[in-house]
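Asks: One file: run-v6.cif (mmCIF, C-alpha atoms).
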```cif
data_final
#
loop_
_atom_site.label_atom_id
_atom_site.label_comp_id
_atom_site.auth_asym_id
_atom_site.auth_seq_id
_atom_site.Cartn_x
_atom_site.Cartn_y
_atom_site.Cartn_z
CA MET O 1342 -9.49 -45.46 -41.20
CA ILE O 1343 -13.07 -45.90 -42.50
CA THR O 1344 -14.00 -44.79 -45.95
CA LEU O 1345 -17.56 -43.62 -46.15
CA ASP O 1346 -17.64 -42.63 -49.79
CA ARG O 1347 -15.23 -41.28 -52.44
CA ASP O 1348 -14.59 -37.96 -50.65
CA THR O 1349 -15.26 -38.71 -47.02
CA ARG O 1350 -13.37 -40.85 -44.61
CA LEU O 1351 -13.02 -41.18 -40.87
CA GLU O 1352 -9.49 -41.27 -39.60
CA LYS O 1353 -8.44 -42.19 -36.08
CA VAL O 1354 -6.63 -39.11 -34.79
CA CYS O 1355 -5.29 -40.59 -31.58
CA GLU O 1356 -6.10 -43.09 -28.93
CA ALA O 1357 -8.45 -41.12 -26.71
CA GLU O 1358 -9.23 -42.55 -23.28
CA LEU O 1359 -12.86 -42.81 -22.37
CA VAL O 1360 -13.95 -40.35 -19.68
CA THR O 1361 -17.23 -39.82 -17.97
CA ARG O 1362 -19.09 -36.56 -18.32
CA ALA O 1363 -18.21 -35.65 -14.71
CA GLN O 1364 -14.51 -36.29 -15.33
CA ALA O 1365 -14.58 -34.21 -18.48
CA SER O 1366 -16.34 -31.43 -16.67
CA ALA O 1367 -13.80 -31.49 -13.81
CA ARG O 1368 -10.95 -31.32 -16.30
CA LEU O 1369 -12.57 -28.44 -18.10
CA VAL O 1370 -13.06 -26.53 -14.85
CA GLY O 1371 -9.49 -27.28 -13.74
CA SER O 1372 -8.03 -26.14 -17.01
CA SER O 1373 -10.23 -23.06 -17.03
CA ILE O 1374 -9.17 -22.16 -13.46
CA SER O 1375 -5.50 -22.56 -14.27
CA THR O 1376 -5.66 -20.12 -17.17
CA THR O 1377 -8.05 -17.55 -15.72
CA THR O 1378 -6.91 -17.53 -12.07
CA PRO O 1379 -3.52 -19.22 -11.84
CA TRP O 1380 -3.19 -18.48 -8.11
CA LEU O 1381 -6.39 -20.43 -7.42
CA ALA O 1382 -5.23 -23.52 -9.26
CA SER O 1383 -2.00 -23.44 -7.29
CA ALA O 1384 -3.79 -22.93 -3.96
CA LEU O 1385 -6.29 -25.71 -4.57
CA SER O 1386 -3.55 -28.07 -5.61
CA SER O 1387 -1.57 -27.31 -2.41
CA LEU O 1388 -4.72 -27.78 -0.35
CA ARG O 1389 -5.40 -31.21 -1.87
CA GLU O 1390 -1.82 -32.18 -1.15
CA LEU O 1391 -2.17 -31.16 2.51
CA GLN O 1392 -5.35 -33.16 2.78
CA ALA O 1393 -3.74 -36.22 1.24
CA THR O 1394 -0.56 -36.31 3.30
CA GLY O 1395 -1.10 -35.48 7.00
CA GLU O 1396 -1.19 -37.96 9.85
CA PHE O 1397 -0.99 -37.94 13.64
CA GLU O 1398 2.61 -37.62 14.79
CA ALA O 1399 3.40 -38.04 18.47
CA GLY O 1400 5.59 -35.15 19.62
CA VAL O 1401 4.24 -32.81 16.94
CA GLY O 1402 0.45 -33.15 16.86
CA ASP O 1403 -2.38 -34.16 14.60
CA LEU O 1404 -1.42 -33.08 11.10
CA ARG O 1405 -4.51 -34.41 9.35
CA VAL O 1406 -6.74 -31.95 7.52
CA SER O 1407 -10.36 -33.05 7.52
CA GLY O 1408 -12.59 -32.88 4.46
CA GLU O 1409 -14.77 -30.39 6.30
CA THR O 1410 -11.86 -28.01 6.95
CA ALA O 1411 -10.57 -28.42 3.39
CA ASP O 1412 -14.04 -27.66 2.05
CA GLN O 1413 -14.20 -24.53 4.16
CA VAL O 1414 -10.82 -23.39 2.84
CA GLY O 1415 -12.12 -24.13 -0.66
CA ARG O 1416 -15.18 -21.97 -0.04
CA ILE O 1417 -13.01 -19.08 1.09
CA LEU O 1418 -10.77 -19.43 -1.94
CA GLY O 1419 -13.82 -19.68 -4.16
CA SER O 1420 -15.25 -16.48 -2.73
CA ILE O 1421 -12.27 -14.44 -3.89
CA ARG O 1422 -13.15 -12.53 -7.03
CA LEU O 1423 -9.70 -11.22 -7.84
CA GLN O 1424 -8.17 -12.79 -10.91
CA TRP O 1425 -4.57 -11.74 -10.44
CA LEU O 1426 -3.05 -12.44 -7.08
CA PRO O 1427 0.18 -13.96 -5.91
CA ALA O 1428 -0.32 -17.64 -5.12
CA PRO O 1429 -0.82 -17.97 -1.36
CA ASP O 1430 1.31 -20.14 0.88
CA VAL O 1431 -0.97 -22.95 1.97
CA THR O 1432 0.30 -24.51 5.14
CA ARG O 1433 -1.01 -26.65 7.93
CA VAL O 1434 -1.03 -26.04 11.65
CA SER O 1435 -1.21 -28.98 14.02
CA GLY O 1436 -4.66 -29.91 15.23
CA GLY O 1437 -6.15 -29.95 11.75
CA GLY O 1438 -6.01 -26.29 10.72
CA VAL O 1439 -4.94 -24.68 7.45
CA VAL O 1440 -3.38 -21.25 7.03
CA LEU O 1441 -3.46 -19.30 3.77
CA ARG O 1442 -0.99 -16.46 3.45
CA TRP O 1443 -0.59 -13.90 0.69
CA SER O 1444 2.53 -11.71 0.76
CA VAL O 1445 3.35 -8.57 -1.21
CA ALA O 1446 6.48 -6.68 -0.16
CA ASP O 1447 6.22 -6.25 3.62
CA GLN O 1448 2.47 -6.75 3.75
CA GLU O 1449 0.73 -10.02 4.43
CA VAL O 1450 -2.84 -11.23 4.53
CA GLU O 1451 -3.45 -14.45 6.40
CA VAL O 1452 -6.58 -16.55 6.74
CA ALA O 1453 -6.46 -19.30 9.35
CA VAL O 1454 -9.13 -21.97 9.08
CA LEU O 1455 -9.34 -24.16 12.16
CA PRO O 1456 -11.64 -27.12 12.77
CA ARG O 1457 -15.08 -26.53 14.26
CA ASN O 1458 -15.76 -23.60 12.00
CA ARG O 1459 -13.26 -21.15 13.41
CA THR O 1460 -11.75 -18.75 10.89
CA LEU O 1461 -9.45 -15.82 11.55
CA LEU O 1462 -8.41 -13.03 9.17
CA THR O 1463 -5.12 -11.37 10.05
CA ILE O 1464 -3.31 -8.50 8.35
CA LEU O 1465 0.39 -7.96 8.97
CA GLN O 1466 2.58 -5.02 8.05
CA ALA O 1467 6.35 -5.35 8.33
CA GLY O 1468 5.87 -8.47 10.41
CA GLU O 1469 3.54 -6.82 12.92
CA ILE O 1470 -0.12 -7.73 13.25
CA SER O 1471 -2.16 -4.66 12.39
CA GLU O 1472 -5.54 -6.37 12.45
CA SER O 1473 -6.82 -9.79 13.47
CA GLN O 1474 -10.45 -10.72 13.68
CA PRO O 1475 -12.71 -13.76 13.35
CA LEU O 1476 -14.29 -14.23 9.95
CA ALA O 1477 -17.87 -15.43 9.83
CA GLU O 1478 -19.03 -17.54 6.89
CA THR O 1479 -21.27 -14.70 5.82
CA ALA O 1480 -18.29 -12.33 5.68
CA TYR O 1481 -15.91 -14.19 3.38
CA LEU O 1482 -16.13 -11.33 0.88
CA ARG O 1483 -14.18 -9.25 3.39
CA VAL O 1484 -11.14 -11.25 2.25
CA ASN O 1485 -11.60 -9.67 -1.19
CA ASP O 1486 -11.34 -6.20 0.24
CA VAL O 1487 -8.15 -6.81 2.14
CA LEU O 1488 -6.58 -8.66 -0.78
CA LYS O 1489 -7.55 -5.78 -3.06
CA ASN O 1490 -5.67 -3.47 -0.73
CA LEU O 1491 -2.75 -5.86 -0.70
CA VAL O 1492 -2.27 -5.93 -4.47
CA GLY O 1493 -3.31 -2.32 -5.07
CA PRO O 1494 -5.29 -0.96 -8.01
CA SER O 1495 -5.09 -3.17 -11.10
CA MET N 380 -11.36 -25.81 32.56
CA PRO N 381 -8.46 -23.38 33.16
CA LEU N 382 -5.04 -24.60 32.14
CA ILE N 383 -2.62 -25.33 34.97
CA ASP N 384 0.80 -23.79 34.51
CA ASP N 385 3.47 -26.05 35.96
CA ARG N 386 5.73 -23.59 37.77
CA SER N 387 8.25 -26.35 38.47
CA ILE N 388 9.28 -25.79 34.86
CA ALA N 389 11.38 -22.67 35.42
CA ASP N 390 11.19 -19.63 33.16
CA ASP N 391 14.68 -20.17 31.80
CA VAL N 392 13.99 -23.75 30.70
CA VAL N 393 14.40 -24.11 26.96
CA LEU N 394 11.53 -25.79 25.12
CA VAL N 395 11.87 -27.08 21.58
CA ARG N 396 9.20 -27.59 18.98
CA VAL N 397 9.84 -29.91 16.02
CA LEU N 398 9.57 -27.65 12.96
CA ARG N 399 7.82 -30.27 10.91
CA TYR N 400 7.44 -28.16 7.76
CA THR N 401 9.57 -25.45 6.21
CA SER N 402 6.63 -23.08 6.64
CA TRP N 403 6.97 -23.49 10.41
CA ALA N 404 10.21 -21.50 10.24
CA HIS N 405 10.71 -17.85 9.37
CA PRO N 406 11.73 -16.28 7.07
CA LYS N 407 11.13 -18.85 4.38
CA GLU N 408 14.35 -18.22 2.43
CA GLN N 409 16.80 -18.30 5.32
CA PRO N 410 15.05 -19.25 8.54
CA THR N 411 16.30 -17.78 11.80
CA ARG N 412 13.34 -18.45 14.10
CA PRO N 413 10.12 -20.47 14.28
CA SER N 414 7.12 -18.92 12.55
CA SER N 415 3.86 -18.19 14.32
CA VAL N 416 2.13 -21.21 12.78
CA ALA N 417 4.50 -23.46 14.75
CA PHE N 418 2.79 -22.26 17.95
CA PHE N 419 -0.73 -22.03 16.61
CA ASP N 420 -2.05 -25.55 17.18
CA SER N 421 -5.77 -25.60 16.38
CA ASN N 422 -6.64 -26.83 19.87
CA GLY N 423 -4.21 -24.53 21.65
CA GLU N 424 -1.99 -27.48 22.61
CA ASN N 425 1.47 -27.18 21.10
CA SER N 426 3.64 -30.27 21.57
CA CYS N 427 7.16 -29.37 22.70
CA PHE N 428 10.10 -30.96 24.53
CA ILE N 429 12.24 -29.71 27.38
CA ALA N 430 15.61 -29.43 25.63
CA THR N 431 17.65 -30.86 28.52
CA GLU N 432 15.34 -33.87 28.89
CA ALA N 433 14.60 -34.70 25.27
CA ASP N 434 16.19 -37.70 23.59
CA PHE N 435 17.42 -36.09 20.40
CA SER N 436 18.71 -39.37 18.99
CA ARG N 437 15.20 -40.80 19.10
CA LEU N 438 13.74 -37.56 17.82
CA ALA N 439 16.23 -37.61 14.95
CA GLU N 440 15.17 -41.16 14.10
CA LYS N 441 11.56 -40.11 14.06
CA PHE N 442 12.13 -36.77 12.35
CA PRO N 443 15.33 -37.05 10.29
CA ALA N 444 17.12 -33.79 9.43
CA GLN N 445 14.41 -31.81 11.19
CA LYS N 446 15.07 -28.42 12.69
CA TYR N 447 13.82 -27.35 16.12
CA GLY N 448 12.33 -24.06 17.18
CA ALA N 449 13.51 -23.11 20.66
CA VAL N 450 11.79 -20.76 23.10
CA THR N 451 11.95 -20.45 26.85
CA ALA N 452 9.12 -21.34 29.19
CA GLY N 453 9.27 -17.76 30.46
CA ALA N 454 8.76 -16.33 26.97
CA ALA N 455 5.80 -18.67 26.51
CA ARG N 456 4.26 -17.45 29.76
CA ILE N 457 4.82 -13.80 28.86
CA ALA N 458 3.08 -14.42 25.53
CA GLY N 459 0.08 -15.89 27.37
CA TYR N 460 0.72 -19.63 27.26
CA SER N 461 0.89 -22.15 30.08
CA VAL N 462 3.37 -25.00 30.19
CA TRP N 463 2.79 -28.47 31.61
CA ARG N 464 4.22 -31.93 31.33
CA ASP N 465 2.58 -34.54 29.15
CA GLU N 466 4.78 -37.63 29.27
CA GLU N 467 2.06 -39.90 27.91
CA GLY N 468 1.33 -37.71 24.93
CA ALA N 469 4.46 -38.47 22.95
CA GLU N 470 4.57 -42.27 22.83
CA GLY N 471 7.38 -42.53 25.37
CA LEU N 472 9.54 -39.69 24.06
CA PRO N 473 10.95 -38.08 27.23
CA GLY N 474 10.60 -34.44 28.21
CA HIS N 475 7.33 -33.91 26.39
CA VAL N 476 5.39 -30.83 27.44
CA ILE N 477 2.41 -28.91 26.16
CA VAL N 478 2.73 -25.20 25.54
CA GLY N 479 -0.94 -24.47 25.85
CA PHE N 480 -3.17 -21.51 25.24
CA GLU N 481 -6.63 -21.50 26.77
CA LEU N 482 -8.90 -21.09 23.77
CA THR N 483 -12.39 -19.74 24.22
CA GLU N 484 -15.14 -18.81 21.79
CA THR N 485 -13.86 -15.26 21.57
CA ASN N 486 -10.08 -15.16 21.96
CA LEU N 487 -8.80 -16.63 18.70
CA ALA N 488 -7.27 -13.28 17.67
CA ARG N 489 -5.51 -13.06 21.01
CA TYR N 490 -4.11 -16.56 20.46
CA ARG N 491 -2.83 -15.53 17.03
CA LYS N 492 -1.05 -12.54 18.57
CA ALA N 493 0.40 -14.74 21.31
CA ALA N 494 1.76 -17.14 18.68
CA GLU N 495 3.40 -14.23 16.85
CA ARG N 496 4.87 -12.88 20.05
CA LEU N 497 6.27 -16.24 21.15
CA ALA N 498 7.65 -17.13 17.72
CA LYS N 499 9.58 -13.87 17.61
CA THR N 500 11.49 -14.77 20.76
CA GLY N 501 12.58 -18.08 19.28
CA THR N 502 15.68 -19.43 17.63
CA ILE N 503 16.32 -22.48 15.47
CA TYR N 504 18.53 -25.46 16.21
CA GLN N 505 19.50 -28.53 14.29
CA VAL N 506 20.84 -31.76 15.73
CA VAL N 507 24.40 -32.42 14.63
CA GLN N 508 25.21 -36.13 14.57
CA PRO N 509 28.76 -37.08 15.65
#
```
What is this file in structure tokens?

Replies:
Amino acid sequence: MITLDRDTRLEKVCEAELVTRAQASARLVGSSISTTTPWLASALSSLRELQATGEFEAGVGDLRVSGETADQVGRILGSIRLQWLPAPDVTRVSGGGVVLRWSVADQEVEVAVLPRNRTLLTILQAGEISESQPLAETAYLRVNDVLKNLVGPS
Amino acid sequence: MPLIDDRSIADDVVLVRVLRYTSWAHPKEQPTRPSSVAFFDSNGENSCFIATEADFSRLAEKFPAQKYGAVTAGAARIAGYSVWRDEEGAEGLPGHVIVGFELTETNLARYRKAAERLAKTGTIYQVVQP
């Protein structure tokens, strides 16, 4: 405690660790994402885990997810404007790809992101593929439309 | 280069795929078959083993408590895949084959449908140790 004058004093509230401005900013963004779009925080966390854990396994395939593929998945997730969504399953396919899958009742929306800039949007109803088409980088907003249909009017 | 389907691997030969993650089986809660992602390798080359040639003791050492998705070579062909041996590709594990789909610039959606079709024919097995 530091006494400045009769009425004013500085008291140490707690031991605060020193953080850089970038770290503070990242924490602020992370905490903001988790409260405003909980599904996004969950998806990004799963994505980081995939990226951190894969390796080549003989008899299964290459389970590594490259930074480039993870970034592309991040861009797709970041392009989604819907606040309330179920958290997607974030899973890997061998060969370095990532598949995002949102499920509501018997409907599913799946986005497969494969290395070398190949992305596929697939819609399934009752386990049957009703639509499957490549997704260009300029058309990521299309994911919004199909997810809007998935969750219905809010 | 077109994929070469090895017809010496008969249609009724059972091929197993190590279901490395729970998401590679379907449905999630109580899996009964492999899921499409199990047969959706990004390069179109899905590593599998011929069930009667595989060394499941060694596989169990490498992948403890892992389940296996089983399909027949015939079902893979009907779905649009080719099957060929790849003994060198699995670090000496016997019976290794590739269930391959010839990917082009334009047929990714067809590959996704093939993976769905093949996965739906599959079943799941688990090695039981004596």

Asks: Considering only C-alpha atoms, extract the chain N residues located within 7 Å of chain O and return them as a list in words.

Replies: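 Applying the cut-off to the listed atoms yields Val397, Ser402, Val416, Ala417, Phe419, Asp420, Ser421, Asn422, Ser426, Cys427, Gly468, Ala469, Glu470 and Ala488 of chain N.
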
Asks: Kindly save the residues from that selection, with C-alpha atoms included, as an mmCIF file, keeping the file's coordinate frame.

Replies:
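Below you can see out14.cif, which holds the result:
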```
data_model
loop_
_atom_site.group_PDB
_atom_site.id
_atom_site.type_symbol
_atom_site.label_atom_id
_atom_site.label_comp_id
_atom_site.auth_asym_id
_atom_site.auth_seq_id
_atom_site.Cartn_x
_atom_site.Cartn_y
_atom_site.Cartn_z
ATOM 1 C CA VAL N 397 9.840 -29.910 16.020
ATOM 2 C CA SER N 402 6.630 -23.080 6.640
ATOM 3 C CA VAL N 416 2.130 -21.210 12.780
ATOM 4 C CA ALA N 417 4.500 -23.460 14.750
ATOM 5 C CA PHE N 419 -0.730 -22.030 16.610
ATOM 6 C CA ASP N 420 -2.050 -25.550 17.180
ATOM 7 C CA SER N 421 -5.770 -25.600 16.380
ATOM 8 C CA ASN N 422 -6.640 -26.830 19.870
ATOM 9 C CA SER N 426 3.640 -30.270 21.570
ATOM 10 C CA CYS N 427 7.160 -29.370 22.700
ATOM 11 C CA GLY N 468 1.330 -37.710 24.930
ATOM 12 C CA ALA N 469 4.460 -38.470 22.950
ATOM 13 C CA GLU N 470 4.570 -42.270 22.830
ATOM 14 C CA ALA N 488 -7.270 -13.280 17.670
#
```

Asks: For the structure shown, which residues end up in the PyMOL selection byres ((chain O and resi 1426) around 10)? Put them as a ChimeraX atom specification, please?

Replies: /O:1378-1381,1421,1423-1425,1427-1429,1443-1445,1488-1489,1491-1492

Asks: Taking the file as shown, find all residues satisfying the PyMOL selection byres ((chain N and resi 475-485) around 8) and write them as a PyMOL selection string.

Replies: (chain O and resi 1400) or (chain N and resi 381-382+422-429+433+455+459-466+468-469+472-474+486-488+490)

Asks: Which distance in Å separates CA of Leu497 (chain N) and CA of Arg456 (chain N), to one decimal?

Replies: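 These two atoms are separated by 8.9 Å.
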
Asks: So how many Å separate CA of Ala1411 (chain O) and CA of Lys492 (chain N), to one decimal?

Replies: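 Going from CA of Ala1411 (chain O) over to CA of Lys492 (chain N) covers 23.9 Å.
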
Asks: Using all atoms listed in the file for the distances, tell me which of N:Ala449, N:Leu438, N:Ala430, N:Ala404 is nearest to Thr502 (chain N).

Replies: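 Of the candidates, the smallest distance to Thr502 (chain N) is held by N:Ala449.
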
Asks: Measure the distance from CA of Ile457 (chain N) to CA of Ile503 (chain N) in Å and round it to one decimal.

Replies: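 That distance, rounded to one decimal, is 19.7 Å.
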
Asks: Step by step, work through what the PyMOL selection byres ((chain O and resi 1484) around 10) selects in the shown file, and finish by giving those residues as a list in words.

Replies: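 This file, filtered by the PyMOL selection byres ((chain O and resi 1484) around 10), leaves Ile1417, Leu1418, Ser1420, Ile1421, Arg1422, Val1450, Glu1451, Val1452, Leu1462, Thr1463, Leu1476, Ala1480, Tyr1481, Leu1482, Arg1483, Asn1485, Asp1486, Val1487, Leu1488, Lys1489 and Asn1490 of chain O.
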
Asks: Counting all atoms listed in the file, which of N:Glu440, N:Glu408, N:Gly453, N:Tyr504 gets nearest to Arg396 (chain N)?

Replies: N:Tyr504

Asks: My list of candidates is N:Ser387, N:Thr431, N:Thr500, N:Thr451. Which is closest to His405 (chain N) when distances are computed with all atoms listed in the file?

Replies: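 The shortest atom-to-atom distance to His405 (chain N) comes from N:Thr500.
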
Asks: Check the smallest atom-to-atom distance from each of N:Asp434, N:Glu495, N:Glu467, N:Asp391 to Ser414 (chain N) using only C-alpha atoms, then report the winner.

Replies: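 Of N:Asp434, N:Glu495, N:Glu467, N:Asp391, the one nearest Ser414 (chain N) is N:Glu495, counting only C-alpha atoms.
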
Asks: Can you pull out the residues contacting Leu1391 (chain O)? Cut-off 8 Å, using only C-alpha atoms, and skip same-chain residues under 3 positions away; I want them as a VMD selection string.

Replies: chain O and resid 1387 to 1388 1394 to 1395 1405 to 1406 1432 to 1433
